[in-house]
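Enquirer: The file below is start13.cif, mmCIF, C-alpha atoms and all ligand atoms:
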data_coords
loop_
_atom_site.group_PDB
_atom_site.id
_atom_site.type_symbol
_atom_site.label_atom_id
_atom_site.label_comp_id
_atom_site.auth_asym_id
_atom_site.auth_seq_id
_atom_site.Cartn_x
_atom_site.Cartn_y
_atom_site.Cartn_z
ATOM 1 C CA ARG A 1210 51.903 -73.278 116.539
ATOM 2 C CA ARG A 1211 54.521 -74.810 114.234
ATOM 3 C CA GLN A 1212 57.987 -75.404 115.575
ATOM 4 C CA VAL A 1213 60.270 -72.915 113.795
ATOM 5 C CA LYS A 1214 63.746 -73.885 112.632
ATOM 6 C CA LEU A 1215 66.667 -71.473 112.694
ATOM 7 C CA ALA A 1216 69.237 -71.331 109.911
ATOM 8 C CA PRO A 1217 72.183 -69.022 110.648
ATOM 9 C CA SER A 1218 73.841 -67.851 107.420
ATOM 10 C CA LEU A 1219 77.561 -68.611 107.370
ATOM 11 C CA LEU A 1220 78.047 -65.645 105.028
ATOM 12 C CA ALA A 1221 78.040 -63.399 108.128
ATOM 13 C CA SER A 1222 80.434 -65.601 110.114
ATOM 14 C CA ASP A 1223 84.149 -65.024 110.681
ATOM 15 C CA PHE A 1224 85.735 -67.256 108.025
ATOM 16 C CA THR A 1225 89.062 -67.302 109.882
ATOM 17 C CA ARG A 1226 87.221 -69.160 112.666
ATOM 18 C CA LEU A 1227 84.699 -71.188 110.679
ATOM 19 C CA GLY A 1228 85.033 -74.242 112.933
ATOM 20 C CA GLU A 1229 84.345 -72.236 116.100
ATOM 21 C CA GLU A 1230 81.456 -70.412 114.435
ATOM 22 C CA LEU A 1231 79.853 -73.742 113.495
ATOM 23 C CA GLN A 1232 80.340 -74.876 117.079
ATOM 24 C CA ALA A 1233 78.625 -71.707 118.347
ATOM 25 C CA ILE A 1234 75.547 -72.420 116.211
ATOM 26 C CA SER A 1235 75.403 -76.151 116.908
ATOM 27 C CA SER A 1236 71.977 -75.766 118.541
ATOM 28 C CA ALA A 1237 70.541 -74.453 115.247
ATOM 29 C CA GLU A 1238 68.526 -76.750 112.996
ATOM 30 C CA TYR A 1239 70.345 -75.778 109.772
ATOM 31 C CA ALA A 1240 73.532 -74.027 108.695
ATOM 32 C CA HIS A 1241 72.604 -71.798 105.732
ATOM 33 C CA VAL A 1242 75.273 -71.754 103.023
ATOM 34 C CA ASP A 1243 75.095 -68.839 100.542
ATOM 35 C CA VAL A 1244 76.845 -69.563 97.254
ATOM 36 C CA MET A 1245 77.213 -66.581 94.871
ATOM 37 C CA ASP A 1246 78.796 -66.572 91.429
ATOM 38 C CA GLY A 1247 79.168 -62.900 90.529
ATOM 39 C CA MET A 1248 76.749 -63.435 87.629
ATOM 40 C CA PHE A 1249 73.343 -64.310 89.020
ATOM 41 C CA VAL A 1250 74.053 -61.847 91.840
ATOM 42 C CA PRO A 1251 76.578 -58.980 91.891
ATOM 43 C CA ASN A 1252 78.817 -60.626 94.485
ATOM 44 C CA ILE A 1253 81.016 -63.684 94.881
ATOM 45 C CA SER A 1254 81.026 -65.593 98.160
ATOM 46 C CA PHE A 1255 82.448 -69.125 98.281
ATOM 47 C CA GLY A 1256 81.840 -72.558 96.831
ATOM 48 C CA MET A 1257 82.378 -76.275 97.248
ATOM 49 C CA PRO A 1258 85.731 -76.219 99.132
ATOM 50 C CA VAL A 1259 84.323 -74.072 101.942
ATOM 51 C CA LEU A 1260 81.198 -76.244 102.207
ATOM 52 C CA ALA A 1261 83.410 -79.350 102.329
ATOM 53 C CA ALA A 1262 85.485 -77.798 105.127
ATOM 54 C CA ALA A 1263 82.338 -76.970 107.119
ATOM 55 C CA ARG A 1264 81.067 -80.514 106.536
ATOM 56 C CA ARG A 1265 84.275 -82.002 107.959
ATOM 57 C CA VAL A 1266 83.912 -80.234 111.313
ATOM 58 C CA SER A 1267 80.120 -80.068 111.753
ATOM 59 C CA SER A 1268 77.177 -82.445 111.729
ATOM 60 C CA LEU A 1269 74.693 -79.588 111.163
ATOM 61 C CA TYR A 1270 72.230 -79.893 108.289
ATOM 62 C CA MET A 1271 73.844 -77.960 105.405
ATOM 63 C CA ASP A 1272 71.139 -75.849 103.725
ATOM 64 C CA VAL A 1273 72.786 -74.702 100.496
ATOM 65 C CA HIS A 1274 71.317 -71.657 98.715
ATOM 66 C CA LEU A 1275 72.675 -71.488 95.169
ATOM 67 C CA MET A 1276 72.711 -67.935 93.801
ATOM 68 C CA ILE A 1277 74.377 -69.068 90.590
ATOM 69 C CA GLU A 1278 73.461 -69.219 86.902
ATOM 70 C CA ARG A 1279 72.443 -72.650 85.627
ATOM 71 C CA PRO A 1280 72.700 -74.338 89.030
ATOM 72 C CA GLU A 1281 72.173 -77.786 87.481
ATOM 73 C CA ARG A 1282 75.835 -77.630 86.346
ATOM 74 C CA TYR A 1283 77.006 -77.879 89.956
ATOM 75 C CA ILE A 1284 74.348 -79.796 91.875
ATOM 76 C CA ARG A 1285 76.367 -83.020 91.935
ATOM 77 C CA ASP A 1286 79.464 -81.170 93.184
ATOM 78 C CA PHE A 1287 77.563 -79.571 96.062
ATOM 79 C CA VAL A 1288 76.070 -82.917 97.035
ATOM 80 C CA GLU A 1289 79.560 -84.444 97.058
ATOM 81 C CA ALA A 1290 80.834 -81.497 99.116
ATOM 82 C CA GLY A 1291 78.247 -82.249 101.817
ATOM 83 C CA ALA A 1292 74.968 -80.469 101.052
ATOM 84 C CA ASP A 1293 71.874 -81.906 102.780
ATOM 85 C CA GLY A 1294 69.482 -79.615 100.960
ATOM 86 C CA ILE A 1295 69.973 -77.534 97.818
ATOM 87 C CA THR A 1296 67.819 -74.570 96.826
ATOM 88 C CA VAL A 1297 67.833 -73.150 93.296
ATOM 89 C CA HIS A 1298 66.415 -69.899 91.916
ATOM 90 C CA VAL A 1299 63.616 -70.031 89.336
ATOM 91 C CA GLU A 1300 65.329 -67.108 87.560
ATOM 92 C CA ALA A 1301 68.638 -68.933 87.205
ATOM 93 C CA THR A 1302 67.627 -71.746 84.877
ATOM 94 C CA PRO A 1303 64.992 -72.540 82.253
ATOM 95 C CA HIS A 1304 65.003 -76.047 83.733
ATOM 96 C CA VAL A 1305 64.046 -75.544 87.347
ATOM 97 C CA HIS A 1306 61.948 -78.715 87.347
ATOM 98 C CA ARG A 1307 64.902 -80.750 86.096
ATOM 99 C CA ALA A 1308 67.191 -79.108 88.682
ATOM 100 C CA VAL A 1309 64.977 -80.037 91.642
ATOM 101 C CA GLY A 1310 64.646 -83.533 90.194
ATOM 102 C CA MET A 1311 68.429 -83.846 90.096
ATOM 103 C CA VAL A 1312 68.699 -82.895 93.759
ATOM 104 C CA ARG A 1313 66.122 -85.514 94.743
ATOM 105 C CA GLU A 1314 67.669 -88.218 92.565
ATOM 106 C CA LEU A 1315 70.900 -87.644 94.465
ATOM 107 C CA GLY A 1316 69.006 -88.253 97.708
ATOM 108 C CA ARG A 1317 69.008 -84.686 99.000
ATOM 109 C CA ARG A 1318 66.191 -82.283 99.811
ATOM 110 C CA ALA A 1319 65.235 -79.961 96.960
ATOM 111 C CA GLY A 1320 64.310 -76.331 97.429
ATOM 112 C CA VAL A 1321 63.153 -73.608 95.108
ATOM 113 C CA THR A 1322 63.329 -69.841 95.551
ATOM 114 C CA LEU A 1323 62.686 -66.527 93.827
ATOM 115 C CA ASN A 1324 63.768 -62.894 94.033
ATOM 116 C CA PRO A 1325 61.500 -60.261 95.630
ATOM 117 C CA GLY A 1326 60.551 -58.928 92.177
ATOM 118 C CA THR A 1327 59.547 -62.298 90.718
ATOM 119 C CA SER A 1328 55.921 -63.399 90.594
ATOM 120 C CA LEU A 1329 54.942 -66.210 92.965
ATOM 121 C CA GLU A 1330 53.150 -67.859 90.039
ATOM 122 C CA THR A 1331 56.550 -68.949 88.670
ATOM 123 C CA LEU A 1332 56.773 -71.403 91.593
ATOM 124 C CA ARG A 1333 53.380 -73.040 91.153
ATOM 125 C CA PRO A 1334 54.369 -75.664 88.583
ATOM 126 C CA VAL A 1335 57.077 -77.135 90.845
ATOM 127 C CA LEU A 1336 55.432 -76.621 94.221
ATOM 128 C CA ALA A 1337 54.301 -80.231 94.578
ATOM 129 C CA ASP A 1338 57.805 -81.511 93.783
ATOM 130 C CA VAL A 1339 59.905 -79.655 96.345
ATOM 131 C CA ASP A 1340 60.848 -80.146 99.995
ATOM 132 C CA LEU A 1341 61.399 -76.461 100.671
ATOM 133 C CA VAL A 1342 60.244 -73.102 99.351
ATOM 134 C CA LEU A 1343 62.412 -70.088 100.112
ATOM 135 C CA VAL A 1344 61.014 -66.555 100.073
ATOM 136 C CA MET A 1345 63.776 -63.993 99.505
ATOM 137 C CA SER A 1346 62.985 -60.954 101.639
ATOM 138 C CA VAL A 1347 65.944 -58.937 100.274
ATOM 139 C CA ASN A 1348 67.480 -58.817 96.821
ATOM 140 C CA PRO A 1349 70.077 -61.582 97.020
ATOM 141 C CA GLY A 1350 73.779 -60.800 96.903
ATOM 142 C CA PHE A 1351 74.636 -59.291 100.248
ATOM 143 C CA GLY A 1352 74.067 -59.805 103.949
ATOM 144 C CA GLY A 1353 72.931 -57.030 106.252
ATOM 145 C CA GLN A 1354 70.166 -55.578 104.080
ATOM 146 C CA LYS A 1355 66.791 -54.286 105.218
ATOM 147 C CA PHE A 1356 63.810 -56.666 105.246
ATOM 148 C CA ILE A 1357 61.334 -55.931 102.414
ATOM 149 C CA ALA A 1358 57.951 -55.597 104.127
ATOM 150 C CA GLN A 1359 55.871 -56.985 101.229
ATOM 151 C CA SER A 1360 57.556 -60.350 101.817
ATOM 152 C CA VAL A 1361 55.148 -61.069 104.672
ATOM 153 C CA GLU A 1362 52.203 -61.216 102.271
ATOM 154 C CA ARG A 1363 54.207 -63.503 99.964
ATOM 155 C CA ILE A 1364 54.826 -65.877 102.865
ATOM 156 C CA ARG A 1365 51.087 -65.913 103.677
ATOM 157 C CA THR A 1366 50.215 -66.701 100.057
ATOM 158 C CA LEU A 1367 52.731 -69.525 99.812
ATOM 159 C CA ARG A 1368 51.576 -70.911 103.156
ATOM 160 C CA ALA A 1369 48.036 -71.086 101.747
ATOM 161 C CA TRP A 1370 49.205 -72.741 98.519
ATOM 162 C CA LEU A 1371 51.271 -75.352 100.359
ATOM 163 C CA ASP A 1372 48.415 -76.115 102.746
ATOM 164 C CA GLU A 1373 46.008 -76.452 99.800
ATOM 165 C CA LEU A 1374 48.367 -78.995 98.226
ATOM 166 C CA GLY A 1375 48.704 -80.852 101.502
ATOM 167 C CA SER A 1376 52.455 -80.274 101.173
ATOM 168 C CA ASP A 1377 54.646 -80.507 104.257
ATOM 169 C CA ALA A 1378 57.491 -78.630 102.516
ATOM 170 C CA GLU A 1379 59.393 -76.175 104.676
ATOM 171 C CA LEU A 1380 58.654 -72.498 104.058
ATOM 172 C CA GLU A 1381 61.887 -70.582 104.585
ATOM 173 C CA VAL A 1382 62.512 -66.831 104.636
ATOM 174 C CA ASP A 1383 65.892 -65.219 103.977
ATOM 175 C CA GLY A 1384 67.086 -61.636 104.322
ATOM 176 C CA GLY A 1385 66.801 -59.027 107.055
ATOM 177 C CA VAL A 1386 65.444 -61.455 109.664
ATOM 178 C CA THR A 1387 65.875 -60.140 113.219
ATOM 179 C CA PRO A 1388 64.377 -60.740 116.677
ATOM 180 C CA SER A 1389 61.948 -57.876 115.868
ATOM 181 C CA ASN A 1390 60.283 -59.585 112.891
ATOM 182 C CA ALA A 1391 60.845 -63.292 113.663
ATOM 183 C CA ARG A 1392 57.494 -63.801 115.412
ATOM 184 C CA LEU A 1393 55.596 -62.038 112.610
ATOM 185 C CA LEU A 1394 57.245 -64.283 110.003
ATOM 186 C CA ALA A 1395 56.458 -67.443 111.932
ATOM 187 C CA ASP A 1396 52.847 -66.325 112.354
ATOM 188 C CA ALA A 1397 52.642 -65.697 108.587
ATOM 189 C CA GLY A 1398 53.524 -69.352 108.090
ATOM 190 C CA ALA A 1399 57.315 -69.532 107.770
ATOM 191 C CA THR A 1400 58.898 -72.670 109.260
ATOM 192 C CA VAL A 1401 62.586 -71.834 108.724
ATOM 193 C CA LEU A 1402 64.194 -68.462 109.429
ATOM 194 C CA VAL A 1403 67.571 -67.644 107.869
ATOM 195 C CA ALA A 1404 69.571 -65.039 109.769
ATOM 196 C CA GLY A 1405 73.074 -63.769 109.070
ATOM 197 C CA SER A 1406 73.977 -60.414 110.582
ATOM 198 C CA SER A 1407 71.447 -60.704 113.420
ATOM 199 C CA VAL A 1408 73.077 -63.964 114.615
ATOM 200 C CA PHE A 1409 76.793 -63.384 114.030
ATOM 201 C CA GLY A 1410 76.963 -60.123 115.989
ATOM 202 C CA LYS A 1411 79.617 -58.702 118.262
ATOM 203 C CA ASP A 1412 78.655 -60.824 121.250
ATOM 204 C CA GLY A 1413 78.856 -64.087 119.350
ATOM 205 C CA ALA A 1414 76.588 -66.401 117.419
ATOM 206 C CA ALA A 1415 75.360 -68.378 120.431
ATOM 207 C CA ALA A 1416 73.940 -65.186 121.981
ATOM 208 C CA GLY A 1417 72.485 -64.149 118.625
ATOM 209 C CA LEU A 1418 70.694 -67.468 118.291
ATOM 210 C CA THR A 1419 69.336 -67.199 121.820
ATOM 211 C CA ARG A 1420 67.885 -63.753 121.058
ATOM 212 C CA LEU A 1421 66.034 -65.162 118.052
ATOM 213 C CA ARG A 1422 64.694 -68.131 120.035
ATOM 214 C CA GLU A 1423 63.457 -65.791 122.775
ATOM 215 C CA ALA A 1424 61.672 -63.662 120.196
ATOM 216 C CA LEU A 1425 59.879 -66.808 118.965
ATOM 217 C CA ALA A 1426 58.986 -68.176 122.392
HETATM 218 C C1 LIG A 1501 71.465 -62.852 100.722
HETATM 219 C C2 LIG A 1501 71.660 -64.216 101.335
HETATM 220 C C3 LIG A 1501 71.216 -64.257 102.746
HETATM 221 C C4 LIG A 1501 72.027 -63.389 103.666
HETATM 222 C C5 LIG A 1501 71.201 -63.070 104.882
HETATM 223 O O1 LIG A 1501 71.892 -62.890 99.403
HETATM 224 O O2 LIG A 1501 70.952 -65.184 100.610
HETATM 225 O O3 LIG A 1501 71.187 -65.599 103.206
HETATM 226 O O4 LIG A 1501 73.229 -64.002 104.044
HETATM 227 O O5 LIG A 1501 71.870 -62.115 105.640
HETATM 228 P P1 LIG A 1501 71.102 -61.151 106.652
HETATM 229 O O6 LIG A 1501 70.409 -62.020 107.640
HETATM 230 O O7 LIG A 1501 72.206 -60.333 107.239
HETATM 231 O O8 LIG A 1501 70.130 -60.346 105.846
HETATM 232 ZN ZN ZN A 1502 70.611 -67.248 101.542
#
Is it possible to express this structure as structure tokens?
Ligand code: DX5
Ligand code: ZN
Expert:
Amino acid sequence: RRQVKLAPSLLASDFTRLGEELQAISSAEYAHVDVMDGMFVPNISFGMPVLAAARRVSSLYMDVHLMIERPERYIRDFVEAGADGITVHVEATPHVHRAVGMVRELGRRAGVTLNPGTSLETLRPVLADVDLVLVMSVNPGFGGQKFIAQSVERIRTLRAWLDELGSDAELEVDGGVTPSNARLLADAGATVLVAGSSVFGKDGAAAGLTRLREALA
């Protein structure tokens, strides 16, 4: 069984206490950073200044998910703000191969992702050139949405494709992840689970993380 990484999404955290929230998730493998531009997705979240603030108070791996049009315009800025990995959407640029190349040239880990309604085939041409593949299991734009069940089959397919290639890229899943489906997703071949609302609940992020780990044990 693969060791599964957890990536709490800061989108669901209390921004007035960002430092404490990062402290509460310090046992996680990644901090997931959701950047939204109000164009690629119908919501605006935050950008470089908030990532830079998180970077100043945390040594967590910053897993930046760019839900923005033409992400190549801002890759350098997110690297300078402290990103360790940057994931771009295939739908957001005609130059996804160039975008992942830019991330790698800057010495960071490059990820690629796609919306639930986008064919997996769109990923094939770049699969050998990425460090991470992200399966969106909700339509991006908002936290707290319901997991789309067909995503499990998409994870299985991508797992098979990555194994065929001999790729050791991470296979991440994002949207509606809870203690009830975490084990199923890991068994389908996911190696990184993003979780927002199921981690940053009423009883605190540390307890939320523990619940996810227990579900995976
Ligand atoms: C959705 C974001 C997700 C979101 C996950 O657009 O990419 O990372 O924050 O939130 P939950 O876990 O609440 O679905
Ligand atoms: Zn995300």
Enquirer: Could you report the residues within 10 Å of ligand LIG 1501 (chain A), using only C-alpha atoms and all ligand atoms, as JSON, numbers by chain?
Expert: {"A": [1216, 1217, 1218, 1219, 1220, 1221, 1222, 1241, 1242, 1243, 1244, 1245, 1250, 1251, 1252, 1254, 1273, 1274, 1275, 1276, 1324, 1343, 1345, 1346, 1347, 1348, 1349, 1350, 1351, 1352, 1353, 1354, 1355, 1356, 1382, 1383, 1384, 1385, 1386, 1387, 1402, 1403, 1404, 1405, 1406, 1407, 1408, 1409, 1410]}
Enquirer: Translate the PyMOL selection byres (((chain A and resi 1279-1286) around 10) and not hetatm), as applied to the file shown, into an explicit residue set as an mmCIF file with C-alpha atoms, in the coordinates of the input.
Expert:
data_model
loop_
_atom_site.group_PDB
_atom_site.id
_atom_site.type_symbol
_atom_site.label_atom_id
_atom_site.label_comp_id
_atom_site.auth_asym_id
_atom_site.auth_seq_id
_atom_site.Cartn_x
_atom_site.Cartn_y
_atom_site.Cartn_z
ATOM 1 C CA PHE A 1249 73.343 -64.310 89.020
ATOM 2 C CA GLY A 1256 81.840 -72.558 96.831
ATOM 3 C CA MET A 1257 82.378 -76.275 97.248
ATOM 4 C CA PRO A 1258 85.731 -76.219 99.132
ATOM 5 C CA LEU A 1275 72.675 -71.488 95.169
ATOM 6 C CA MET A 1276 72.711 -67.935 93.801
ATOM 7 C CA ILE A 1277 74.377 -69.068 90.590
ATOM 8 C CA GLU A 1278 73.461 -69.219 86.902
ATOM 9 C CA PHE A 1287 77.563 -79.571 96.062
ATOM 10 C CA VAL A 1288 76.070 -82.917 97.035
ATOM 11 C CA GLU A 1289 79.560 -84.444 97.058
ATOM 12 C CA ALA A 1290 80.834 -81.497 99.116
ATOM 13 C CA GLY A 1291 78.247 -82.249 101.817
ATOM 14 C CA ALA A 1292 74.968 -80.469 101.052
ATOM 15 C CA ILE A 1295 69.973 -77.534 97.818
ATOM 16 C CA THR A 1296 67.819 -74.570 96.826
ATOM 17 C CA VAL A 1297 67.833 -73.150 93.296
ATOM 18 C CA HIS A 1298 66.415 -69.899 91.916
ATOM 19 C CA VAL A 1299 63.616 -70.031 89.336
ATOM 20 C CA GLU A 1300 65.329 -67.108 87.560
ATOM 21 C CA ALA A 1301 68.638 -68.933 87.205
ATOM 22 C CA THR A 1302 67.627 -71.746 84.877
ATOM 23 C CA PRO A 1303 64.992 -72.540 82.253
ATOM 24 C CA HIS A 1304 65.003 -76.047 83.733
ATOM 25 C CA VAL A 1305 64.046 -75.544 87.347
ATOM 26 C CA ARG A 1307 64.902 -80.750 86.096
ATOM 27 C CA ALA A 1308 67.191 -79.108 88.682
ATOM 28 C CA VAL A 1309 64.977 -80.037 91.642
ATOM 29 C CA GLY A 1310 64.646 -83.533 90.194
ATOM 30 C CA MET A 1311 68.429 -83.846 90.096
ATOM 31 C CA VAL A 1312 68.699 -82.895 93.759
ATOM 32 C CA LEU A 1315 70.900 -87.644 94.465
#
Enquirer: Would you list the contacts of A:Glu1362 as a ChimeraX atom specification, taking every protein, DNA or RNA residue within 10 Å and counting all atoms listed in the file, but skipping same-chain residues closer than 6 positions in sequence?
Expert: /A:1368,1394,1397
Enquirer: Pick out the closest residue to ligand ZN 1502 (chain A) from this set: A:Val1401, A:Leu1329, A:Leu1418, A:Ala1391. Count all atoms listed in the file.
Expert: A:Val1401
Enquirer: Go through A:Arg1318, A:Ala1262, A:Trp1370, A:Ile1364 one by one, measure the shortest atom-to-atom distance of each to A:Pro1334 using all atoms listed in the file, and give the residue with the smallest value.
Expert: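 Of A:Arg1318, A:Ala1262, A:Trp1370, A:Ile1364, the one nearest A:Pro1334, counting all atoms listed in the file, is A:Trp1370.
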Enquirer: Choose the residue, out of A:Leu1336, A:Val1344, A:Ala1369, A:Leu1421, that has the smallest atom-to-atom separation from ligand ZN 1502 (chain A); count all atoms listed in the file.
Expert: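 Closest to ligand ZN 1502 (chain A), using all atoms listed in the file: A:Val1344.
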